[in-house]
Amino acid sequence: MPTEDKLRIAIGSDHAGFEYKEILKDYLAAYELKDFGTYSADSVDYADFAHPVALAVESKEFDFGILICGSANGIAITANKHQQIRAAICWEKEIAALARQHNNANILCIPARFVSADLAKEMVTIFLNTAFEGGRHAKRVEKISC
């Protein structure tokens, strides 16, 4: 995957997302990537991986995050506890684009049990290459933080 600017991406998953995380790591080899775990398909708690990815993006150490679990709900709920995080569950390409365009999402959450690996790759490409539109959406995004 070609890139002009080397984006910094934090990635993590639980056991249900482990296989897709490994696939996406290879797919994202052109980027600066840090794997926050898990490192096997053994059962783990998603929050143990969602929080470190969210902290890495919130601190601006990384530009974007990618989190993967079975439904994407647990990782999204966990990541969104962080004030500067806008984690979006995406299951279609158009939703990945809109999450960036309208919501300025900074973490892509993928439901591994409900999308194919190829679709996950396509959503990652779209998410990373779609700009926030700003304008009327900026005012709305500003209202998200408590």
# chains A, B, ... in the order shown; residues from 1 in each chain; ligands from 1
>>> residues_around(residues="Glu92 in chain A", least_positions_apart="4", cutoff="9 Å", atoms="only C-alpha atoms", output="compact mmCIF listing (two decimals) with C-alpha atoms, in the first residue's frame")
# COMPACT_ATOMS: atom_id res chain seq x y z
CA ALA A 96 -15.37 3.81 7.08
CA ALA A 97 -15.34 6.85 4.78
CA VAL A 115 -16.51 -8.90 7.73
CA LEU A 119 -13.18 -6.01 3.32
CA ALA A 120 -11.17 -5.21 6.46
CA MET A 123 -11.89 -0.31 5.05
>>> residues_around(residues="range 59-62 of chain A", least_positions_apart="5", cutoff="12 Å", atoms="only C-alpha atoms", output="count of residues only")
22
>>> residues_around(residues="Ala105 in chain A", least_positions_apart="4", cutoff="12 Å", atoms="only C-alpha atoms", output="VMD selection string")
chain A and resid 54 57 to 58 63 to 66 76 79 to 80 84 to 90 95 to 101 109 127 to 128 130 to 134 137 to 138 141 144
>>> write_last_selection(atoms="C-alpha atoms", output="PDB file, in the first residue's frame")
ATOM      1  CA  ALA A  54      -6.476   4.584  22.675  1.00  0.00           C
ATOM      2  CA  VAL A  57      -3.623   7.858  19.766  1.00  0.00           C
ATOM      3  CA  GLU A  58      -4.918  10.257  22.426  1.00  0.00           C
ATOM      4  CA  ASP A  63      -1.945   9.292  14.143  1.00  0.00           C
ATOM      5  CA  PHE A  64      -4.563   6.552  14.018  1.00  0.00           C
ATOM      6  CA  GLY A  65      -5.542   3.347  15.737  1.00  0.00           C
ATOM      7  CA  ILE A  66      -7.022   0.106  14.508  1.00  0.00           C
ATOM      8  CA  ALA A  76     -15.103   0.648  20.652  1.00  0.00           C
ATOM      9  CA  ALA A  79     -11.575   3.187  23.437  1.00  0.00           C
ATOM     10  CA  ASN A  80     -14.332   5.798  23.521  1.00  0.00           C
ATOM     11  CA  GLN A  84      -9.892  12.614  22.599  1.00  0.00           C
ATOM     12  CA  ILE A  85     -10.837   9.329  20.969  1.00  0.00           C
ATOM     13  CA  ARG A  86     -13.510   8.859  18.368  1.00  0.00           C
ATOM     14  CA  ALA A  87     -13.562   5.110  17.750  1.00  0.00           C
ATOM     15  CA  ALA A  88     -15.918   4.015  14.969  1.00  0.00           C
ATOM     16  CA  ILE A  89     -17.257   0.530  14.340  1.00  0.00           C
ATOM     17  CA  CYS A  90     -17.173  -0.028  10.587  1.00  0.00           C
ATOM     18  CA  ILE A  95     -19.172   3.722   6.821  1.00  0.00           C
ATOM     19  CA  ALA A  96     -15.367   3.806   7.076  1.00  0.00           C
ATOM     20  CA  ALA A  97     -15.338   6.851   4.784  1.00  0.00           C
ATOM     21  CA  LEU A  98     -18.129   8.622   6.646  1.00  0.00           C
ATOM     22  CA  ALA A  99     -16.491   7.944  10.013  1.00  0.00           C
ATOM     23  CA  ARG A 100     -13.548  10.009   8.818  1.00  0.00           C
ATOM     24  CA  GLN A 101     -15.408  12.600   6.723  1.00  0.00           C
ATOM     25  CA  CYS A 109     -12.909  -0.715  14.996  1.00  0.00           C
ATOM     26  CA  PHE A 127     -10.138   5.102   6.665  1.00  0.00           C
ATOM     27  CA  LEU A 128      -6.467   6.075   6.430  1.00  0.00           C
ATOM     28  CA  THR A 130     -10.065   9.873   3.836  1.00  0.00           C
ATOM     29  CA  ALA A 131      -9.848  13.398   5.219  1.00  0.00           C
ATOM     30  CA  PHE A 132     -12.159  15.005   7.756  1.00  0.00           C
ATOM     31  CA  GLU A 133     -14.447  17.419   5.906  1.00  0.00           C
ATOM     32  CA  GLY A 134     -14.618  19.935   8.747  1.00  0.00           C
ATOM     33  CA  HIS A 137     -19.105  18.605  10.961  1.00  0.00           C
ATOM     34  CA  ALA A 138     -16.375  20.325  13.010  1.00  0.00           C
ATOM     35  CA  VAL A 141     -17.346  16.846  16.623  1.00  0.00           C
ATOM     36  CA  ILE A 144     -18.570  15.147  21.616  1.00  0.00           C
TER      37      ILE A 144
END
>>> residues_around(residues="Gly37 in chain A", least_positions_apart="6", cutoff="9 Å", atoms="only C-alpha atoms", output="PDB file with N, CA and C atoms, in the first residue's frame")
ATOM      1  N   ILE A  11      -2.056  -0.557  16.555  1.00  0.00           N
ATOM      2  CA  ILE A  11      -2.998  -1.632  16.252  1.00  0.00           C
ATOM      3  C   ILE A  11      -3.082  -2.583  17.433  1.00  0.00           C
ATOM      4  N   GLY A  12      -4.271  -3.098  17.678  1.00  0.00           N
ATOM      5  CA  GLY A  12      -4.458  -4.052  18.753  1.00  0.00           C
ATOM      6  C   GLY A  12      -5.715  -4.873  18.531  1.00  0.00           C
ATOM      7  N   SER A  13      -5.784  -5.983  19.230  1.00  0.00           N
ATOM      8  CA  SER A  13      -6.945  -6.859  19.107  1.00  0.00           C
ATOM      9  C   SER A  13      -7.063  -7.744  20.334  1.00  0.00           C
ATOM     10  N   ASP A  14      -8.227  -8.376  20.448  1.00  0.00           N
ATOM     11  CA  ASP A  14      -8.354  -9.476  21.391  1.00  0.00           C
ATOM     12  C   ASP A  14      -8.160 -10.769  20.591  1.00  0.00           C
ATOM     13  N   PHE A  18      -7.333 -11.498  16.510  1.00  0.00           N
ATOM     14  CA  PHE A  18      -5.899 -11.763  16.341  1.00  0.00           C
ATOM     15  C   PHE A  18      -5.520 -12.086  14.894  1.00  0.00           C
ATOM     16  N   LYS A  21      -5.636  -9.026  12.789  1.00  0.00           N
ATOM     17  CA  LYS A  21      -4.557  -8.103  13.157  1.00  0.00           C
ATOM     18  C   LYS A  21      -3.273  -8.501  12.456  1.00  0.00           C
ATOM     19  N   ASP A  48      -7.771  -4.797  27.759  1.00  0.00           N
ATOM     20  CA  ASP A  48      -6.323  -4.781  28.000  1.00  0.00           C
ATOM     21  C   ASP A  48      -5.544  -4.327  26.769  1.00  0.00           C
ATOM     22  N   PHE A  49      -6.160  -4.322  25.611  1.00  0.00           N
ATOM     23  CA  PHE A  49      -5.508  -3.926  24.375  1.00  0.00           C
ATOM     24  C   PHE A  49      -6.115  -2.642  23.807  1.00  0.00           C
TER      25      PHE A  49
END
>>> select_by_dssp(residues="range 33-65 of chain A", states="alpha helix (DSSP H)", output="PyMOL selection string")
chain A and resi 47-58
>>> write_last_selection(atoms="C-alpha atoms", output="mmCIF file, in the first residue's frame")
data_model
loop_
_atom_site.group_PDB
_atom_site.id
_atom_site.type_symbol
_atom_site.label_atom_id
_atom_site.label_comp_id
_atom_site.auth_asym_id
_atom_site.auth_seq_id
_atom_site.Cartn_x
_atom_site.Cartn_y
_atom_site.Cartn_z
ATOM 1 C CA ALA A 47 -9.934 -3.780 27.300
ATOM 2 C CA ASP A 48 -6.323 -4.781 28.000
ATOM 3 C CA PHE A 49 -5.508 -3.926 24.375
ATOM 4 C CA ALA A 50 -8.052 -1.203 23.581
ATOM 5 C CA HIS A 51 -6.863 1.112 26.360
ATOM 6 C CA PRO A 52 -3.175 1.144 25.286
ATOM 7 C CA VAL A 53 -4.100 1.796 21.647
ATOM 8 C CA ALA A 54 -6.476 4.584 22.675
ATOM 9 C CA LEU A 55 -3.837 6.153 24.945
ATOM 10 C CA ALA A 56 -1.264 6.025 22.148
ATOM 11 C CA VAL A 57 -3.623 7.858 19.766
ATOM 12 C CA GLU A 58 -4.918 10.257 22.426
#
>>> select_by_dssp(residues="range 23-118 of chain A", states="strand (DSSP E)", output="PyMOL selection string")
chain A and resi 32-35+64-69+87-89+107-111
